[in-house]
$ cat structure_19.cif   # mmCIF, C-alpha atoms
data_protein
loop_
_atom_site.label_atom_id
_atom_site.label_comp_id
_atom_site.auth_asym_id
_atom_site.auth_seq_id
_atom_site.Cartn_x
_atom_site.Cartn_y
_atom_site.Cartn_z
CA MET A 20 59.85 163.87 111.91
CA ALA A 21 62.91 163.70 114.20
CA GLN A 22 62.34 167.29 115.30
CA GLU A 23 58.65 166.56 115.99
CA ALA A 24 59.79 163.63 118.16
CA GLY A 25 61.88 166.11 120.20
CA TYR A 26 65.37 165.52 118.83
CA ALA A 27 67.92 168.35 118.37
CA VAL A 28 68.89 167.56 114.78
CA HIS A 29 72.49 167.61 113.52
CA ALA A 30 72.04 167.23 109.75
CA MET A 31 74.65 165.60 107.52
CA SER A 32 74.90 165.78 103.73
CA PHE A 33 77.46 164.28 101.36
CA ASN A 34 79.30 165.79 98.43
CA TYR A 35 80.45 162.51 96.87
CA GLY A 36 80.76 163.29 93.19
CA GLN A 37 77.07 162.82 92.44
CA ARG A 38 75.89 164.33 89.15
CA HIS A 39 72.90 165.79 91.00
CA VAL A 40 75.15 167.84 93.30
CA LEU A 41 72.49 170.57 93.19
CA GLU A 42 70.75 168.60 95.94
CA LEU A 43 73.33 170.01 98.39
CA GLU A 44 72.08 173.56 97.83
CA GLN A 45 68.57 172.35 98.58
CA ALA A 46 69.82 170.47 101.66
CA ARG A 47 71.40 173.68 102.96
CA ALA A 48 68.20 175.65 102.39
CA ILE A 49 66.03 173.02 104.07
CA ALA A 50 68.41 172.63 107.03
CA SER A 51 68.42 176.38 107.50
CA MET A 52 64.62 176.67 107.24
CA ALA A 53 64.16 173.79 109.67
CA GLY A 54 66.48 175.45 112.19
CA VAL A 55 68.67 172.41 112.79
CA ALA A 56 71.34 172.54 115.50
CA ALA A 57 74.08 172.04 112.88
CA HIS A 58 74.50 171.01 109.25
CA SER A 59 77.70 169.31 108.11
CA VAL A 60 78.60 168.51 104.48
CA VAL A 61 81.17 165.71 104.16
CA ASP A 62 83.36 165.69 101.02
CA PHE A 63 84.77 162.61 99.30
CA ASP A 64 84.82 161.44 95.71
CA LEU A 65 83.14 158.17 94.77
CA ARG A 66 83.95 158.88 91.10
CA ALA A 67 87.39 157.44 91.86
CA ILE A 68 85.65 154.16 92.73
CA GLY A 69 82.92 154.33 90.09
CA GLY A 70 80.39 151.66 89.23
CA SER A 71 77.22 153.80 89.09
CA ALA A 72 75.28 156.00 86.68
CA LEU A 73 75.00 158.57 89.50
CA THR A 74 78.76 159.15 89.63
CA ASP A 75 80.14 157.91 86.29
CA ALA A 76 79.74 158.95 82.68
CA ILE A 77 77.01 156.31 82.35
CA GLU A 78 73.59 157.51 81.22
CA VAL A 79 70.85 157.65 83.82
CA PRO A 80 68.02 155.37 82.59
CA LYS A 81 64.92 157.29 81.46
CA ASP A 82 61.21 156.47 81.05
CA ARG A 83 61.43 153.05 82.65
CA VAL A 84 58.03 151.42 83.23
CA LEU A 85 57.92 151.72 87.03
CA ASP A 86 55.93 148.69 88.06
CA GLU A 87 57.71 146.13 85.93
CA PRO A 88 59.85 143.79 87.99
CA VAL A 89 63.47 144.95 88.16
CA PRO A 90 65.68 142.35 86.43
CA SER A 91 68.66 143.19 88.63
CA ILE A 92 70.01 146.02 90.75
CA PRO A 93 69.74 149.22 88.67
CA ILE A 94 72.75 151.10 87.34
CA THR A 95 71.82 154.08 89.53
CA TYR A 96 72.79 152.00 92.56
CA VAL A 97 75.98 153.48 94.07
CA PRO A 98 78.10 150.70 95.59
CA ALA A 99 78.07 150.80 99.41
CA ARG A 100 76.94 154.43 99.42
CA ASN A 101 74.51 154.20 102.33
CA THR A 102 77.10 152.24 104.31
CA ILE A 103 79.61 155.07 103.77
CA PHE A 104 76.96 157.69 104.65
CA LEU A 105 75.94 155.86 107.83
CA SER A 106 79.60 155.35 108.83
CA PHE A 107 80.25 159.10 108.76
CA ALA A 108 77.00 159.67 110.67
CA LEU A 109 78.15 157.08 113.21
CA ALA A 110 81.45 158.95 113.69
CA TRP A 111 79.66 162.25 114.27
CA ALA A 112 77.06 160.65 116.54
CA GLU A 113 79.84 159.22 118.68
CA VAL A 114 81.57 162.60 119.02
CA LEU A 115 78.25 164.31 119.83
CA ASN A 116 77.34 161.52 122.26
CA ALA A 117 74.12 161.11 120.26
CA HIS A 118 72.29 157.79 120.42
CA ASP A 119 70.02 158.14 117.41
CA ILE A 120 70.73 158.30 113.67
CA PHE A 121 67.94 158.99 111.17
CA ILE A 122 68.22 158.09 107.48
CA GLY A 123 65.55 158.61 104.83
CA VAL A 124 65.84 155.28 103.01
CA ASN A 125 62.68 153.91 101.44
CA ALA A 126 62.21 150.24 100.63
CA LEU A 127 58.65 150.16 99.39
CA ASP A 128 58.39 152.13 96.17
CA TYR A 129 61.61 150.79 94.79
CA SER A 130 63.23 147.72 96.24
CA GLY A 131 66.16 147.42 93.83
CA TYR A 132 68.77 148.90 96.18
CA PRO A 133 70.24 146.41 98.66
CA ASP A 134 71.13 149.15 101.14
CA CYS A 135 67.55 150.42 101.50
CA ARG A 136 66.19 147.20 102.99
CA PRO A 137 65.18 146.80 106.66
CA GLU A 138 67.44 143.75 107.11
CA TYR A 139 70.43 145.83 105.98
CA ILE A 140 69.58 148.66 108.41
CA HIS A 141 69.16 146.24 111.32
CA SER A 142 72.52 144.69 110.52
CA PHE A 143 74.24 148.09 110.34
CA GLU A 144 72.73 148.97 113.72
CA ALA A 145 74.11 145.77 115.29
CA MET A 146 77.55 146.49 113.79
CA ALA A 147 77.46 150.13 114.95
CA ASN A 148 76.89 149.01 118.52
CA LEU A 149 80.09 146.92 118.38
CA ALA A 150 82.12 149.54 116.47
CA THR A 151 82.04 152.34 118.98
CA ARG A 152 82.61 153.34 122.59
CA ALA A 153 79.02 152.36 123.28
CA GLY A 154 79.84 148.80 122.27
CA VAL A 155 82.73 148.53 124.71
CA GLU A 156 81.49 150.66 127.57
CA GLY A 157 77.90 149.48 127.17
CA HIS A 158 76.33 152.64 128.56
CA HIS A 159 73.82 153.18 125.81
CA ARG A 160 72.48 151.60 122.66
CA LEU A 161 72.72 153.40 119.32
CA ALA A 162 69.62 153.18 117.12
CA ILE A 163 69.25 153.71 113.36
CA HIS A 164 65.82 155.19 112.63
CA THR A 165 64.21 154.90 109.19
CA PRO A 166 60.85 156.67 109.49
CA LEU A 167 60.27 156.62 105.72
CA ILE A 168 61.31 153.03 105.02
CA ALA A 169 57.84 151.50 104.73
CA LEU A 170 55.92 154.53 103.42
CA THR A 171 54.75 155.04 99.84
CA LYS A 172 55.87 158.23 98.10
CA ALA A 173 52.31 159.57 98.55
CA GLN A 174 52.44 158.88 102.30
CA ILE A 175 55.82 160.59 102.53
CA ILE A 176 54.48 163.68 100.73
CA ARG A 177 51.42 163.83 103.01
CA GLU A 178 53.63 163.55 106.09
CA GLY A 179 55.85 166.36 104.79
CA LEU A 180 52.88 168.60 104.02
CA ARG A 181 51.52 168.01 107.53
CA LEU A 182 54.91 169.09 108.95
CA GLY A 183 55.14 172.19 106.75
CA VAL A 184 57.88 171.03 104.35
CA ASP A 185 58.29 173.37 101.38
CA TYR A 186 58.59 170.85 98.54
CA GLY A 187 59.71 173.69 96.29
CA LEU A 188 63.05 173.46 98.16
CA THR A 189 63.43 169.71 97.65
CA SER A 190 65.16 167.81 94.89
CA SER A 191 64.70 164.24 93.65
CA CYS A 192 66.03 164.11 90.08
CA TYR A 193 69.12 161.99 89.33
CA ASP A 194 70.00 164.06 86.27
CA PRO A 195 68.91 167.70 86.69
CA ALA A 196 69.86 170.56 84.34
CA PRO A 197 72.43 173.05 85.68
CA ASP A 198 69.58 175.42 86.63
CA GLY A 199 67.95 172.70 88.76
CA ARG A 200 65.23 171.77 86.28
CA PRO A 201 64.31 168.10 86.83
CA CYS A 202 64.76 165.81 83.81
CA GLY A 203 61.23 164.47 84.36
CA HIS A 204 62.14 161.02 83.07
CA CYS A 205 64.47 159.25 85.52
CA ASP A 206 63.07 156.85 88.11
CA ALA A 207 63.30 159.47 90.86
CA CYS A 208 61.28 162.00 88.81
CA GLN A 209 58.70 159.42 87.80
CA LEU A 210 58.20 158.25 91.39
CA ARG A 211 57.97 161.85 92.63
CA VAL A 212 55.32 162.95 90.13
CA ARG A 213 53.28 159.78 90.70
CA GLY A 214 53.36 160.50 94.45
CA PHE A 215 52.09 164.07 94.04
CA ARG A 216 49.35 162.93 91.63
CA GLU A 217 48.22 160.30 94.14
CA VAL A 218 48.04 162.91 96.91
CA GLY A 219 46.19 165.25 94.52
CA VAL A 220 48.35 168.34 95.05
CA PRO A 221 50.67 170.01 92.55
CA ASP A 222 54.45 169.67 92.95
CA PRO A 223 55.77 173.22 93.55
CA LEU A 224 59.15 172.27 92.03
CA TRP A 225 57.60 171.05 88.80
CA GLN A 226 55.28 174.07 88.80
CA ARG A 227 58.26 176.43 88.99
CA TYR A 228 59.68 174.94 85.79
CA GLY A 229 56.28 174.82 84.06
CA MET A 230 56.35 171.02 84.12
CA TRP A 231 53.18 170.42 86.15
CA THR A 232 50.28 169.95 83.75
CA MET B 28 100.14 137.76 103.32
CA ALA B 29 97.28 138.29 100.85
CA GLN B 30 99.71 138.16 97.93
CA GLU B 31 101.27 134.97 99.27
CA ALA B 32 97.77 133.47 99.42
CA GLY B 33 97.40 134.23 95.70
CA TYR B 34 95.30 137.40 95.73
CA ALA B 35 95.80 140.25 93.23
CA VAL B 36 95.93 143.09 95.75
CA HIS B 37 94.16 146.43 95.24
CA ALA B 38 95.53 148.53 98.10
CA MET B 39 93.57 151.37 99.70
CA SER B 40 94.90 154.14 101.96
CA PHE B 41 93.10 157.05 103.60
CA ASN B 42 94.03 160.70 103.83
CA TYR B 43 91.61 161.61 106.62
CA GLY B 44 93.27 164.52 108.37
CA GLN B 45 95.58 162.36 110.51
CA ARG B 46 98.54 164.17 112.07
CA HIS B 47 100.74 161.26 110.94
CA VAL B 48 99.91 161.87 107.25
CA LEU B 49 103.50 160.88 106.47
CA GLU B 50 102.26 157.28 106.62
CA LEU B 51 100.71 157.81 103.17
CA GLU B 52 104.16 158.32 101.60
CA GLN B 53 105.27 155.07 103.17
CA ALA B 54 102.08 153.32 101.99
CA ARG B 55 102.82 154.46 98.42
CA ALA B 56 106.41 153.19 98.62
CA ILE B 57 105.35 149.84 100.07
CA ALA B 58 102.51 149.37 97.56
CA SER B 59 104.92 150.13 94.74
CA MET B 60 107.60 147.77 96.06
CA ALA B 61 105.05 145.01 96.59
CA GLY B 62 103.82 145.39 93.02
CA VAL B 63 100.13 145.64 93.89
CA ALA B 64 97.55 145.70 91.08
CA ALA B 65 96.44 149.20 92.12
CA HIS B 66 96.75 151.63 95.03
CA SER B 67 93.99 154.12 95.76
CA VAL B 68 94.16 156.94 98.31
CA VAL B 69 90.73 158.14 99.48
CA ASP B 70 90.45 161.72 100.75
CA PHE B 71 88.08 162.99 103.42
CA ASP B 72 88.53 165.09 106.53
CA LEU B 73 87.70 163.67 109.93
CA ARG B 74 88.98 166.87 111.55
CA ALA B 75 85.54 168.31 110.77
CA ILE B 76 84.08 165.61 113.03
CA GLY B 77 86.86 165.53 115.62
CA GLY B 78 86.93 163.62 118.86
CA SER B 79 90.46 162.16 118.67
CA ALA B 80 94.07 163.04 119.47
CA LEU B 81 94.99 161.69 116.02
CA THR B 82 92.98 164.36 114.19
CA ASP B 83 92.44 167.18 116.70
CA ALA B 84 94.70 169.60 118.52
CA ILE B 85 94.74 167.21 121.47
CA GLU B 86 98.12 165.94 122.64
CA VAL B 87 99.03 162.35 121.84
CA PRO B 88 99.72 160.59 125.17
CA LYS B 89 103.39 159.75 125.71
CA ASP B 90 105.32 157.23 127.86
CA ARG B 91 102.25 155.37 129.02
CA VAL B 92 103.05 152.19 130.94
CA LEU B 93 101.96 149.66 128.33
CA ASP B 94 100.76 146.76 130.41
CA GLU B 95 98.66 148.69 132.87
CA PRO B 96 94.96 148.12 132.35
CA VAL B 97 93.42 150.81 130.15
CA PRO B 98 90.88 152.77 132.22
CA SER B 99 88.75 153.56 129.15
CA ILE B 100 89.08 153.89 125.39
CA PRO B 101 92.19 156.00 124.69
CA ILE B 102 92.06 159.49 123.22
CA THR B 103 93.91 158.22 120.13
CA TYR B 104 90.77 156.26 119.20
CA VAL B 105 89.23 157.88 116.09
CA PRO B 106 85.43 157.54 116.20
CA ALA B 107 84.16 154.99 113.67
CA ARG B 108 87.37 155.22 111.62
CA ASN B 109 87.68 151.54 110.77
CA THR B 110 83.99 151.45 109.85
CA ILE B 111 84.56 154.32 107.41
CA PHE B 112 87.71 152.64 106.03
CA LEU B 113 85.95 149.30 105.55
CA SER B 114 82.94 151.01 103.94
CA PHE B 115 85.13 152.55 101.23
CA ALA B 116 86.88 149.19 100.78
CA LEU B 117 83.47 147.57 100.45
CA ALA B 118 82.50 150.03 97.69
CA TRP B 119 85.71 149.35 95.76
CA ALA B 120 85.41 145.58 96.29
CA GLU B 121 81.91 145.66 94.86
CA VAL B 122 83.02 147.59 91.75
CA LEU B 123 86.00 145.22 91.28
CA ASN B 124 83.77 142.20 91.89
CA ALA B 125 86.23 141.21 94.62
CA HIS B 126 85.04 138.91 97.41
CA ASP B 127 87.80 139.45 99.94
CA ILE B 128 88.81 142.49 102.00
CA PHE B 129 91.93 142.44 104.17
CA ILE B 130 92.47 144.86 107.08
CA GLY B 131 95.47 144.93 109.40
CA VAL B 132 93.66 145.43 112.71
CA ASN B 133 95.26 143.92 115.78
CA ALA B 134 93.33 143.09 118.94
CA LEU B 135 95.96 141.45 121.09
CA ASP B 136 98.63 143.99 121.94
CA TYR B 137 96.17 146.74 122.56
CA SER B 138 92.54 146.02 123.10
CA GLY B 139 91.35 149.56 123.82
CA TYR B 140 89.89 150.21 120.37
CA PRO B 141 86.36 148.86 119.89
CA ASP B 142 86.77 148.59 116.12
CA CYS B 143 89.77 146.24 116.32
CA ARG B 144 87.87 143.41 118.01
CA PRO B 145 86.92 140.14 116.25
CA GLU B 146 83.24 140.55 117.18
CA TYR B 147 83.19 143.93 115.44
CA ILE B 148 84.81 142.52 112.28
CA HIS B 149 82.33 139.61 112.16
CA SER B 150 79.46 142.02 112.51
CA PHE B 151 80.79 144.28 109.73
CA GLU B 152 81.11 141.22 107.47
CA ALA B 153 77.48 140.22 108.11
CA MET B 154 76.35 143.79 107.37
CA ALA B 155 78.49 143.97 104.21
CA ASN B 156 76.78 140.89 102.85
CA LEU B 157 73.38 142.58 103.20
CA ALA B 158 74.58 145.99 101.95
CA THR B 159 75.66 145.03 98.46
CA ARG B 160 74.67 143.29 95.24
CA ALA B 161 76.02 140.07 96.76
CA GLY B 162 73.42 140.33 99.49
CA VAL B 163 70.52 140.61 97.06
CA GLU B 164 71.74 138.44 94.23
CA GLY B 165 73.35 135.92 96.57
CA HIS B 166 76.01 134.79 94.09
CA HIS B 167 78.95 135.07 96.45
CA ARG B 168 79.85 135.82 100.01
CA LEU B 169 82.13 138.69 100.89
CA ALA B 170 84.75 137.99 103.59
CA ILE B 171 86.70 140.39 105.82
CA HIS B 172 90.14 138.94 106.53
CA THR B 173 92.20 140.05 109.55
CA PRO B 174 95.42 138.03 109.37
CA LEU B 175 97.11 140.16 112.07
CA ILE B 176 94.23 140.32 114.55
CA ALA B 177 95.50 137.70 117.01
CA LEU B 178 99.26 138.12 116.52
CA THR B 179 101.63 139.86 118.92
CA LYS B 180 103.74 142.68 117.50
CA ALA B 181 106.75 140.31 117.59
CA GLN B 182 104.85 137.69 115.58
CA ILE B 183 103.80 140.36 113.04
CA ILE B 184 107.42 141.50 112.64
CA ARG B 185 108.63 137.91 112.15
CA GLU B 186 105.94 137.28 109.55
CA GLY B 187 106.92 140.47 107.71
CA LEU B 188 110.62 139.58 107.78
CA ARG B 189 109.82 136.13 106.38
CA LEU B 190 107.90 137.81 103.52
CA GLY B 191 110.68 140.33 102.79
CA VAL B 192 109.01 143.48 104.15
CA ASP B 193 111.44 146.41 104.35
CA TYR B 194 110.54 147.81 107.77
CA GLY B 195 112.59 150.90 106.92
CA LEU B 196 109.65 151.86 104.68
CA THR B 197 107.02 151.41 107.38
CA SER B 198 105.61 153.92 109.85
CA SER B 199 103.91 153.42 113.19
CA CYS B 200 104.26 156.68 115.13
CA TYR B 201 101.12 158.71 115.93
CA ASP B 202 103.09 161.94 116.22
CA PRO B 203 106.14 161.94 113.90
CA ALA B 204 108.33 164.96 113.17
CA PRO B 205 107.95 166.55 109.72
CA ASP B 206 111.03 164.62 108.52
CA GLY B 207 109.43 161.29 109.53
CA ARG B 208 111.41 160.85 112.76
CA PRO B 209 109.27 158.80 115.19
CA CYS B 210 108.49 160.49 118.53
CA GLY B 211 109.59 157.32 120.33
CA HIS B 212 107.12 157.83 123.17
CA CYS B 213 103.55 157.30 121.92
CA ASP B 214 101.85 153.91 122.35
CA ALA B 215 102.54 152.98 118.72
CA CYS B 216 106.27 153.68 119.08
CA GLN B 217 106.50 151.84 122.38
CA LEU B 218 104.72 148.77 121.01
CA ARG B 219 106.90 148.80 117.88
CA VAL B 220 110.21 148.95 119.71
CA ARG B 221 109.13 146.28 122.20
CA GLY B 222 108.20 144.02 119.26
CA PHE B 223 111.62 144.44 117.59
CA ARG B 224 113.42 143.83 120.89
CA GLU B 225 111.43 140.64 121.44
CA VAL B 226 112.32 139.40 117.94
CA GLY B 227 115.94 140.39 118.59
CA VAL B 228 116.52 142.39 115.40
CA PRO B 229 117.10 146.14 115.08
CA ASP B 230 114.36 148.36 113.68
CA PRO B 231 115.76 149.87 110.45
CA LEU B 232 113.51 152.94 110.85
CA TRP B 233 114.83 153.70 114.34
CA GLN B 234 118.36 152.95 113.13
CA ARG B 235 118.04 155.55 110.36
CA TYR B 236 117.26 158.23 112.93
CA GLY B 237 119.94 157.01 115.35
CA MET B 238 117.26 155.97 117.83
CA TRP B 239 118.12 152.26 118.06
CA THR B 240 120.49 151.72 120.98
#
$ encode --input "structure_19.cif" --output "structure tokens"
Amino acid sequence: MAQEAGYAVHAMSFNYGQRHVLELEQARAIASMAGVAAHSVVDFDLRAIGGSALTDAIEVPKDRVLDEPVPSIPITYVPARNTIFLSFALAWAEVLNAHDIFIGVNALDYSGYPDCRPEYIHSFEAMANLATRAGVEGHHRLAIHTPLIALTKAQIIREGLRLGVDYGLTSSCYDPAPDGRPCGHCDACQLRVRGFREVGVPDPLWQRYGMWT
Amino acid sequence: MAQEAGYAVHAMSFNYGQRHVLELEQARAIASMAGVAAHSVVDFDLRAIGGSALTDAIEVPKDRVLDEPVPSIPITYVPARNTIFLSFALAWAEVLNAHDIFIGVNALDYSGYPDCRPEYIHSFEAMANLATRAGVEGHHRLAIHTPLIALTKAQIIREGLRLGVDYGLTSSCYDPAPDGRPCGHCDACQLRVRGFREVGVPDPLWQRYGMWT
């Protein structure tokens, strides 16, 4: 979407101790296929901080009923993760003299994560404009773009298909097998399959593992 | 200062590719002497992002005249560094269920860094309260404390002496020799020595290297 809007994309991924580290291989493949200007993978280890099923030896919840109200923030929430991601993106943007940061957060399908909400993003943007050279020298305004924030999973899939995304290269599962096979039962898998069913097309990733029926 | 106010301190340092990485040894010694509850060192590499004399092969400016107006943000500014530091602190605070983050930024002596200004800190605090469980569940408010922000270097030194800080364990230099000897000429050294002279006590670090005359 950023490329379609005319931006030269510098992609950034994070190797933070996530159990689904396989997503970085997919990110590299997608960045390469998309012909981005650069792709940087930042390394740090949130396992030292802990507090999430995505980084700790805590089981990822399976087969949750999706549309039941969430009693509290789910255990797959990683404390301050998007704030850390956006901070590294802010540093790189400043060095590149870039004025636009895109992040694929989505508030609609699953509103349990505090750092996927529009009010959080707006607040980060305000902070970013005080944190950097731009804030002092005032020569431009930095914007945080969230083109997926208000879309349903089905709308996101349609948009990707329109733009030629190969969903066989993508990854959603929080708890994949070492060979990349999605667990099929975590929230991310459940939301993904529901999205593809709503669009009415098969998921090439699930097809590859014989999971699309 | 946080300990005196009754807090159980969890100290956090950052190994980010700084040329003055010796400061981490000093941080460990000080944390140990102060008897903090825990000390965590977070690793990541800002050299991959660049843009600063503190991380790149760019020379640290020496013998600048301190009180001349700064024409623009100095080359020792590290893009978004304090935002990255505070984001990791925010993650740890959330896991610890801590409501208070302290950072030793100082706006008065040297106002060239955008991320040392009070308006930046206030904005980060507002963002932090939307980014985390606290922001959604609303059960407490997270505060960013900056007890040094409005103090002169002399006032900071006096406060440390009152609290029993061993300044022989501290480090300020942006460009120290491998044995820890301060360069004596970067902004950080110049501000440090001026502070000690104003207080009228010798700097035990400079004394050790025979630099205090």
$ closest_residue --input "structure_19.cif" --among "A:Val212, A:Val155, A:Val124, A:Glu138" --to "A:Ala169" --atoms "only C-alpha atoms"
A:Val124
$ resolve_selection --input "structure_19.cif" --expression "the PyMOL selection byres ((chain B) within 7 of (chain A))" --output "number ranges by chain"
B: 70-71, 76-78, 106-107, 110-111, 114-115, 117-119, 121-122, 141-142, 147, 150-151, 154, 157-160, 162-163
$ atom_distance --input "structure_19.cif" --atom1 "atom CA of B:Glu86" --atom2 "atom CA of B:Arg219"
19.8 Å
$ residues_around --input "structure_19.cif" --residues "B:Lys89" --least-positions-apart "4" --cutoff "8 Å" --atoms "all atoms listed in the file" --output "tab-separated table (two decimals) with C-alpha atoms, keeping the file's coordinate frame"
chain	number	residue	atom	x	y	z
B	212	HIS	CA	107.12	157.83	123.17
B	213	CYS	CA	103.55	157.30	121.92
B	214	ASP	CA	101.85	153.91	122.35
$ resolve_selection --input "structure_19.cif" --expression "the PyMOL selection byres ((chain A and resi 195) around 10)" --output "JSON, numbers by chain"
{"A": [38, 39, 40, 41, 42, 190, 191, 192, 193, 194, 196, 197, 198, 199, 200, 201, 202, 203, 205, 208]}
$ atom_distance --input "structure_19.cif" --atom1 "atom CA of B:Asp83" --atom2 "atom CA of B:Asn42"
14.5 Å
$ residues_near_point --input "structure_19.cif" --point "(101.9, 144.5, 113.5)" --cutoff "10 Å" --atoms "all atoms listed in the file" --output "ChimeraX atom specification"
/B:131-133,136,175-187,199,215,218-219,222
$ atom_distance --input "structure_19.cif" --atom1 "atom CA of B:Gln234" --atom2 "atom CA of B:Val192"
16.1 Å
$ resolve_selection --input "structure_19.cif" --expression "the PyMOL selection byres ((chain A and resi 162) around 7)" --output "count of residues only"
8
$ axis_aligned_box --input "structure_19.cif" --around "stretch 20-36 of chain A" --padding-each-side "5 Å" --output "JSON"
{"center_x": 69.7, "center_y": 165.4, "center_z": 106.7, "size_x": 32.1, "size_y": 15.8, "size_z": 37.0}
